[in-house]
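Have a look at the structure below, then the notes.
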Protein chains: 2
Amino acid sequence: MDNKIRLSHGDGGSYTRQLIKNVFLKYFGEPCSGDMADSFVFYTDSGKLAFTTDSFVVKPLFFKGGDIGKLAVCGTINDLAAAGAVPLYLTAGFIIEEGFNIESLCRIAQSMAEVSRDTRARIVAGDTKVVEKGSVDGVFINTSGIGMVSELYNPRRMEPGDDIIVTGGIAEHGTAILIDRYNMNIEAELESDCGPMSSLLSVLNKHLAYIKVMRDPTRGGLATVLNEMALDRGTDIELDEKSIPIKSQVEGINDILGIDPLYLACEGRMVIVVEKGYGDKVLKHIKIFGNCREAAIIGRVASGTHGLVYINTAIGGKRILPMLEGRMLPRIC
Amino acid sequence: MDNKIRLSHGDGGSYTRQLIKNVFLKYFGEPCSGDMADSFVFYTDSGKLAFTTDSFVVKPLFFKGGDIGKLAVCGTINDLAAAGAVPLYLTAGFIIEEGFNIESLCRIAQSMAEVSRDTRARIVAGDTKVVEKGSVDGVFINTSGIGMVSELYNPRRMEPGDDIIVTGGIAEHGTAILIDRYNMNIEAELESDCGPMSSLLSVLNKHLAYIKVMRDPTRGGLATVLNEMALDRGTDIELDEKSIPIKSQVEGINDILGIDPLYLACEGRMVIVVEKGYGDKVLKHIKIFGNCREAAIIGRVASGTHGLVYINTAIGGKRILPMLEGRMLPRIC
């Protein structure tokens, strides 16, 4: 490990894992995250609660399909949803740059309030810090959340033949940010997929029992989240490139930029591992949920135990999809 | 209200209150903080839980008596303690500047781990973001926390004659930061009072029943927290200047700088309102707790209902102690 923090330490890939392992887990101990899942689950007499935190530093603050406020609330709600939890309470911590426009702050707060209202995840406590001009870039937001874990959700070991579903088109958030970041003059209707995934739990209802793992493919995208799942559980994963839902605009823009959309963030999608034989059944129910019409089975757990992710390419080849290593797009969320 | 954020919006005084009211409470609604207390309390079948969040932007990152890591963990633990809650679980969100020294990050994580171990408040989930050089000043940390509220703690209306206790010498954290910030060449042994107050709850034990309000006097210091209590509850408060514990070094340094230590942050103290007639009894027990030997009754709830704080000065006068207004020391926590 270097002795300086690099941007790649924050990209969600192997450098981030290294930093977490060598610094945070080293001092805080394993309970910090277990298999590096995003939420911690604990027991009360009322049931299981999940607890999670996320800081948001996205640039630009306002983008097509959302803003840092919407992203912050959805991000934490989706981390809870991935733990099988319906969000109950959120906190919001703001670090604001001196001179920041109060009207922009109001727009951000309004976005947060809207998602909060729609999902019934109440923002119940907050904190506001202001730092001198130049000490922070605009505004950064931390959201932490508590959710009630569904009794029907029972995460467990992945086994060969389990189906892997993604709930919608990939890389839309990352690509929307790219368009803004590079001032690309594209007549794109493309928007970030940023949105709350909590109602998916109620749509899935009893089918939750067939679900073994859920993860939201944010930083580092689909490829990174699948690599984490494979690595943490020591099983191989096999993807079919042709089955992965992706908008042609997303493909086109990433082609131009030479970026692999498999590594670009989604902010309103879920990757779901379903017990062997139940994939189609669960998929049918997922597609009922508003923004999941493009949901698809994109692959399966393979029999290998090397913790690798393979992809069967559209042209008939097979290649390893490695863990993201080195710099991708910084400040995507 | 201006249309730009000013440093004073973050000083914990009347501008901060205004910002919270006009932006955050406006959109998030009242449950955001009720009487602007720092923790939200909710019910489970296992008992009452408190939930709180705080972001830390202190400068310098390392100061006499602590660092941003120790401060972040103690700050959230103390917010929980103020709600009568023993801390259970904490999250830690880091926003780190590209190029930041990993060894410094390790020292910070180690400080956090130490307080976590001592208080049994487990750090259970985290988040790491890295931003480009110049987009954040070193490292900022958010800590959120969940605690179990003692059944014996029953916060209620302040009434005339209730005693007000502060658990130790005031303004030590703020003054330690001042010494560092202004590179004051002082042979001071003065350290920040930064420390966890959670064990105070167990020391107080059954005497918790006599306690009506607890608050930790951080940003804006003793004067600000008392003004908030007076304002939120519509009762006057009367202080005796001579009774307020303050180290002579703290007085001396603030005299030189022309700063009123009543407005400077403590990070290991609690302000406690005790039911009329029980002040001495509770004080005796508080003094048992390690860092509370200087604890004192510093005043009482007065009969007025204007929400004002008066101070009987050492030279026999009486003056109003107003809410902090306008710029004090930024980035104290």
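By convention here, the chains of the structure tokens are called A, B, ... in the order presented, each chain's residues are numbered starting at 1, and ligands are numbered starting at 1 in the order presented.
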Return as a Markdown table the residues of chain A lying at most 6 Å from chain B, together with the closest atom-to-atom pair for each and the distance in Å to one decimal, counting only C-alpha atoms, with rows in chain order and ascending residue number.
```
| residue | atom | partner | partner_atom | distance |
| --- | --- | --- | --- | --- |
| A:Asn3 | CA | B:Ile102 | CA | 5.2 |
| A:Lys4 | CA | B:Asn101 | CA | 4.7 |
| A:Ile5 | CA | B:Gly99 | CA | 4.8 |
| A:Arg6 | CA | B:Glu98 | CA | 5.1 |
| A:Leu7 | CA | B:Val130 | CA | 5.6 |
| A:Gly10 | CA | B:Val130 | CA | 4.7 |
| A:Val23 | CA | B:Cys106 | CA | 5.8 |
| A:Tyr27 | CA | B:Gln110 | CA | 5.7 |
| A:Phe28 | CA | B:Ala113 | CA | 5.4 |
| A:Pro31 | CA | B:Val124 | CA | 5.6 |
| A:Cys32 | CA | B:Val124 | CA | 4.0 |
| A:Ser33 | CA | B:Ala125 | CA | 5.5 |
| A:Thr44 | CA | B:Ser46 | CA | 5.6 |
| A:Asp45 | CA | B:Ser46 | CA | 4.9 |
| A:Ser46 | CA | B:Asp45 | CA | 4.9 |
| A:Asp54 | CA | B:Asp127 | CA | 5.5 |
| A:Glu98 | CA | B:Arg6 | CA | 5.1 |
| A:Gly99 | CA | B:Ile5 | CA | 4.8 |
| A:Phe100 | CA | B:Ile5 | CA | 5.1 |
| A:Asn101 | CA | B:Lys4 | CA | 4.7 |
| A:Ile102 | CA | B:Asn3 | CA | 5.2 |
| A:Cys106 | CA | B:Val23 | CA | 5.8 |
| A:Gln110 | CA | B:Tyr27 | CA | 5.7 |
| A:Ala113 | CA | B:Phe28 | CA | 5.4 |
| A:Ile123 | CA | B:Cys32 | CA | 5.8 |
| A:Val124 | CA | B:Cys32 | CA | 4.0 |
| A:Ala125 | CA | B:Cys32 | CA | 5.0 |
| A:Asp127 | CA | B:Asp54 | CA | 5.5 |
| A:Lys129 | CA | B:Gly10 | CA | 5.0 |
| A:Val130 | CA | B:Gly10 | CA | 4.7 |
| A:Ser135 | CA | B:Asp137 | CA | 4.9 |
| A:Val136 | CA | B:Val136 | CA | 4.3 |
| A:Asp137 | CA | B:Ser135 | CA | 4.9 |
```
Selection: 12 Å around Glu172 of chain A, only C-alpha atoms, excl. self and same-chain fewer than 4 positions, as an NGL selection string: :A and (63-66 or 168 or 176-179 or 188-195 or 217-218 or 221-222 or 245-254 or 261-269 or 332)
Write the residues you've just listed into a file as a PDB file, in the first residue's frame, and include C-alpha atoms for each of them.
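For reference, part13.pdb as written:
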```
ATOM      1  CA  PHE A  63     -27.510  16.219 -12.736  1.00  0.00           C
ATOM      2  CA  LYS A  64     -30.069  14.813 -15.131  1.00  0.00           C
ATOM      3  CA  GLY A  65     -32.514  12.767 -13.095  1.00  0.00           C
ATOM      4  CA  GLY A  66     -31.517  13.992  -9.665  1.00  0.00           C
ATOM      5  CA  GLY A 168     -32.968  -2.705 -14.826  1.00  0.00           C
ATOM      6  CA  ALA A 176     -25.536  10.765 -16.837  1.00  0.00           C
ATOM      7  CA  ILE A 177     -22.711  12.068 -14.644  1.00  0.00           C
ATOM      8  CA  LEU A 178     -20.204  11.532 -17.475  1.00  0.00           C
ATOM      9  CA  ILE A 179     -22.297  13.599 -19.879  1.00  0.00           C
ATOM     10  CA  ALA A 188     -29.461  12.520 -24.828  1.00  0.00           C
ATOM     11  CA  GLU A 189     -32.671  11.876 -23.010  1.00  0.00           C
ATOM     12  CA  LEU A 190     -30.596   9.782 -20.716  1.00  0.00           C
ATOM     13  CA  GLU A 191     -31.187  10.352 -17.018  1.00  0.00           C
ATOM     14  CA  SER A 192     -29.649   8.927 -13.893  1.00  0.00           C
ATOM     15  CA  ASP A 193     -31.586   5.898 -12.656  1.00  0.00           C
ATOM     16  CA  CYS A 194     -31.320   7.374  -9.134  1.00  0.00           C
ATOM     17  CA  GLY A 195     -34.388   6.228  -7.206  1.00  0.00           C
ATOM     18  CA  PRO A 217     -24.435  -1.953  -7.830  1.00  0.00           C
ATOM     19  CA  THR A 218     -23.355   1.634  -7.113  1.00  0.00           C
ATOM     20  CA  GLY A 221     -20.965  -0.835 -11.080  1.00  0.00           C
ATOM     21  CA  LEU A 222     -22.305  -4.306 -11.804  1.00  0.00           C
ATOM     22  CA  PRO A 245     -30.038  -4.812 -19.970  1.00  0.00           C
ATOM     23  CA  ILE A 246     -28.341  -1.670 -21.249  1.00  0.00           C
ATOM     24  CA  LYS A 247     -29.765   1.276 -23.154  1.00  0.00           C
ATOM     25  CA  SER A 248     -28.248   1.818 -26.607  1.00  0.00           C
ATOM     26  CA  GLN A 249     -27.488   5.432 -25.640  1.00  0.00           C
ATOM     27  CA  VAL A 250     -25.535   4.224 -22.625  1.00  0.00           C
ATOM     28  CA  GLU A 251     -23.597   1.816 -24.843  1.00  0.00           C
ATOM     29  CA  GLY A 252     -22.952   4.492 -27.463  1.00  0.00           C
ATOM     30  CA  ILE A 253     -21.670   7.147 -25.080  1.00  0.00           C
ATOM     31  CA  ASN A 254     -19.382   4.721 -23.272  1.00  0.00           C
ATOM     32  CA  PRO A 261     -20.338   0.406 -18.594  1.00  0.00           C
ATOM     33  CA  LEU A 262     -20.107  -2.767 -16.524  1.00  0.00           C
ATOM     34  CA  TYR A 263     -18.019  -0.690 -14.117  1.00  0.00           C
ATOM     35  CA  LEU A 264     -20.300   2.360 -14.063  1.00  0.00           C
ATOM     36  CA  ALA A 265     -22.606   3.113 -11.148  1.00  0.00           C
ATOM     37  CA  CYS A 266     -26.334   2.445 -10.985  1.00  0.00           C
ATOM     38  CA  GLU A 267     -28.295   4.279  -8.261  1.00  0.00           C
ATOM     39  CA  GLY A 268     -31.695   2.647  -8.623  1.00  0.00           C
ATOM     40  CA  ARG A 269     -30.921  -0.975  -9.421  1.00  0.00           C
ATOM     41  CA  ILE A 332     -19.859   9.507  -8.972  1.00  0.00           C
TER      42      ILE A 332
END
```
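For the residues B:Asn154, B:Thr167, B:Thr305, B:Ser243, ranking by smallest atom-to-atom distance to Lys212 of chain B using only C-alpha atoms places B:Asn154 first.
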Strand (DSSP E or B) per DSSP on the backbone: members of segment 18-228 of chain B, as a PyMOL selection string: chain B and resi 39-44+47-56+62-63+66-67+85-97+101+122-131+136+139-149+163-166+211-215
Within 10 Å of segment 277-291 of chain B using only C-alpha atoms, minus same-chain residues under 4 positions, as a short mmCIF file (atom, residue, chain, number, x, y, z; two decimals) with N, CA and C atoms, in the first residue's frame:
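New file part10.cif:
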```cif
data_model
loop_
_atom_site.label_atom_id
_atom_site.label_comp_id
_atom_site.auth_asym_id
_atom_site.auth_seq_id
_atom_site.Cartn_x
_atom_site.Cartn_y
_atom_site.Cartn_z
N GLY B 161 -36.39 26.94 40.30
CA GLY B 161 -35.75 26.31 41.44
C GLY B 161 -34.95 25.07 41.08
N ASP B 162 -35.17 24.51 39.87
CA ASP B 162 -34.36 23.37 39.42
C ASP B 162 -32.89 23.80 39.35
N ASP B 163 -32.01 22.92 39.79
CA ASP B 163 -30.58 23.25 39.78
C ASP B 163 -29.94 22.95 38.43
N ILE B 164 -28.94 23.75 38.09
CA ILE B 164 -28.19 23.50 36.85
C ILE B 164 -26.75 23.17 37.18
N ILE B 165 -26.34 22.01 36.70
CA ILE B 165 -24.99 21.51 36.98
C ILE B 165 -24.19 21.47 35.70
N VAL B 166 -22.90 21.84 35.76
CA VAL B 166 -22.01 21.51 34.66
C VAL B 166 -20.96 20.55 35.22
N THR B 167 -20.60 19.55 34.43
CA THR B 167 -19.84 18.44 35.02
C THR B 167 -18.32 18.65 35.09
N GLY B 168 -17.84 19.83 34.62
CA GLY B 168 -16.41 20.07 34.71
C GLY B 168 -16.03 21.42 34.14
N GLY B 169 -14.74 21.72 34.17
CA GLY B 169 -14.23 23.01 33.69
C GLY B 169 -14.66 23.27 32.25
N ASP B 193 -10.85 18.78 26.57
CA ASP B 193 -11.55 17.89 27.50
C ASP B 193 -12.23 16.73 26.77
N GLY B 195 -13.75 13.68 25.50
CA GLY B 195 -13.83 12.37 26.14
C GLY B 195 -15.26 11.88 26.17
N PRO B 196 -15.44 10.57 26.31
CA PRO B 196 -16.81 10.01 26.29
C PRO B 196 -17.50 10.17 27.64
N MET B 197 -18.78 10.54 27.61
CA MET B 197 -19.53 10.79 28.85
C MET B 197 -20.53 9.68 29.14
N SER B 199 -20.31 6.72 30.56
CA SER B 199 -20.32 6.03 31.86
C SER B 199 -20.98 6.88 32.93
N LEU B 200 -21.10 8.17 32.68
CA LEU B 200 -21.80 9.03 33.64
C LEU B 200 -23.19 8.48 33.94
N LEU B 201 -23.81 7.90 32.91
CA LEU B 201 -25.17 7.37 33.09
C LEU B 201 -25.20 6.27 34.13
N SER B 202 -24.20 5.38 34.08
CA SER B 202 -24.20 4.28 35.05
C SER B 202 -23.81 4.78 36.43
N VAL B 203 -22.93 5.80 36.48
CA VAL B 203 -22.56 6.37 37.78
C VAL B 203 -23.79 6.99 38.44
N LEU B 204 -24.58 7.69 37.62
CA LEU B 204 -25.76 8.37 38.17
C LEU B 204 -26.82 7.38 38.62
N ASN B 205 -26.86 6.27 37.86
CA ASN B 205 -27.76 5.19 38.24
C ASN B 205 -29.16 5.68 38.60
N LYS B 206 -29.63 5.39 39.78
CA LYS B 206 -31.01 5.73 40.10
C LYS B 206 -31.26 7.23 40.22
N HIS B 207 -30.19 7.99 40.38
CA HIS B 207 -30.35 9.44 40.47
C HIS B 207 -30.74 10.06 39.14
N LEU B 208 -30.65 9.24 38.08
CA LEU B 208 -31.12 9.69 36.76
C LEU B 208 -32.57 10.16 36.84
N TYR B 210 -33.95 12.00 38.91
CA TYR B 210 -34.09 13.41 39.31
C TYR B 210 -33.67 14.36 38.20
N ILE B 211 -33.16 13.81 37.12
CA ILE B 211 -32.61 14.66 36.06
C ILE B 211 -33.68 14.97 35.02
N GLY B 268 -16.31 17.16 26.49
CA GLY B 268 -16.39 16.06 27.46
C GLY B 268 -17.12 16.52 28.72
N ARG B 269 -18.09 17.40 28.50
CA ARG B 269 -18.87 17.93 29.63
C ARG B 269 -20.35 17.75 29.37
N ILE B 272 -26.57 19.67 33.11
CA ILE B 272 -27.64 18.82 33.65
C ILE B 272 -28.60 19.66 34.49
N VAL B 273 -29.88 19.56 34.18
CA VAL B 273 -30.89 20.25 34.98
C VAL B 273 -31.50 19.22 35.94
N ALA B 295 -17.12 19.24 38.87
CA ALA B 295 -18.55 19.50 38.64
C ALA B 295 -19.08 20.47 39.69
N ALA B 296 -20.04 21.31 39.28
CA ALA B 296 -20.58 22.31 40.20
C ALA B 296 -22.01 22.69 39.82
N ILE B 297 -22.75 23.13 40.82
CA ILE B 297 -24.06 23.74 40.54
C ILE B 297 -23.76 25.19 40.15
N ARG B 300 -29.63 28.16 38.36
CA ARG B 300 -30.93 27.52 38.54
C ARG B 300 -31.93 28.04 37.50
#
```
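Note that the spacing between atom CA of Ile259 of chain B and atom CA of Asp240 of chain B amounts to 19.2 Å.
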Atom CA of Thr175 of chain B sits from atom CA of Gly316 of chain B at a separation of 26.5 Å
Find the residues around Val213 of chain B up to 9 Å (only C-alpha atoms counted), leave out those fewer than 3 positions away in its own chain, and share them as number ranges by chain. B: 82-83, 154-158, 229, 271-274
Out of B:Met323, B:Leu329, B:Leu257, B:Ala230, which residue has the shortest atom-to-atom distance to Ser303 of chain B when counting only C-alpha atoms? B:Ala230
Among the residues of segment 51-217 of chain A, find those DSSP assigns to helix (DSSP H, G or I) from the backbone and print them as a PyMOL selection string. chain A and resi 68-82+102-119+172-181+199-210
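The interatomic distance for the pair atom CA of Thr119 of chain A and atom CA of Leu61 of chain A works out to 22.2 Å.
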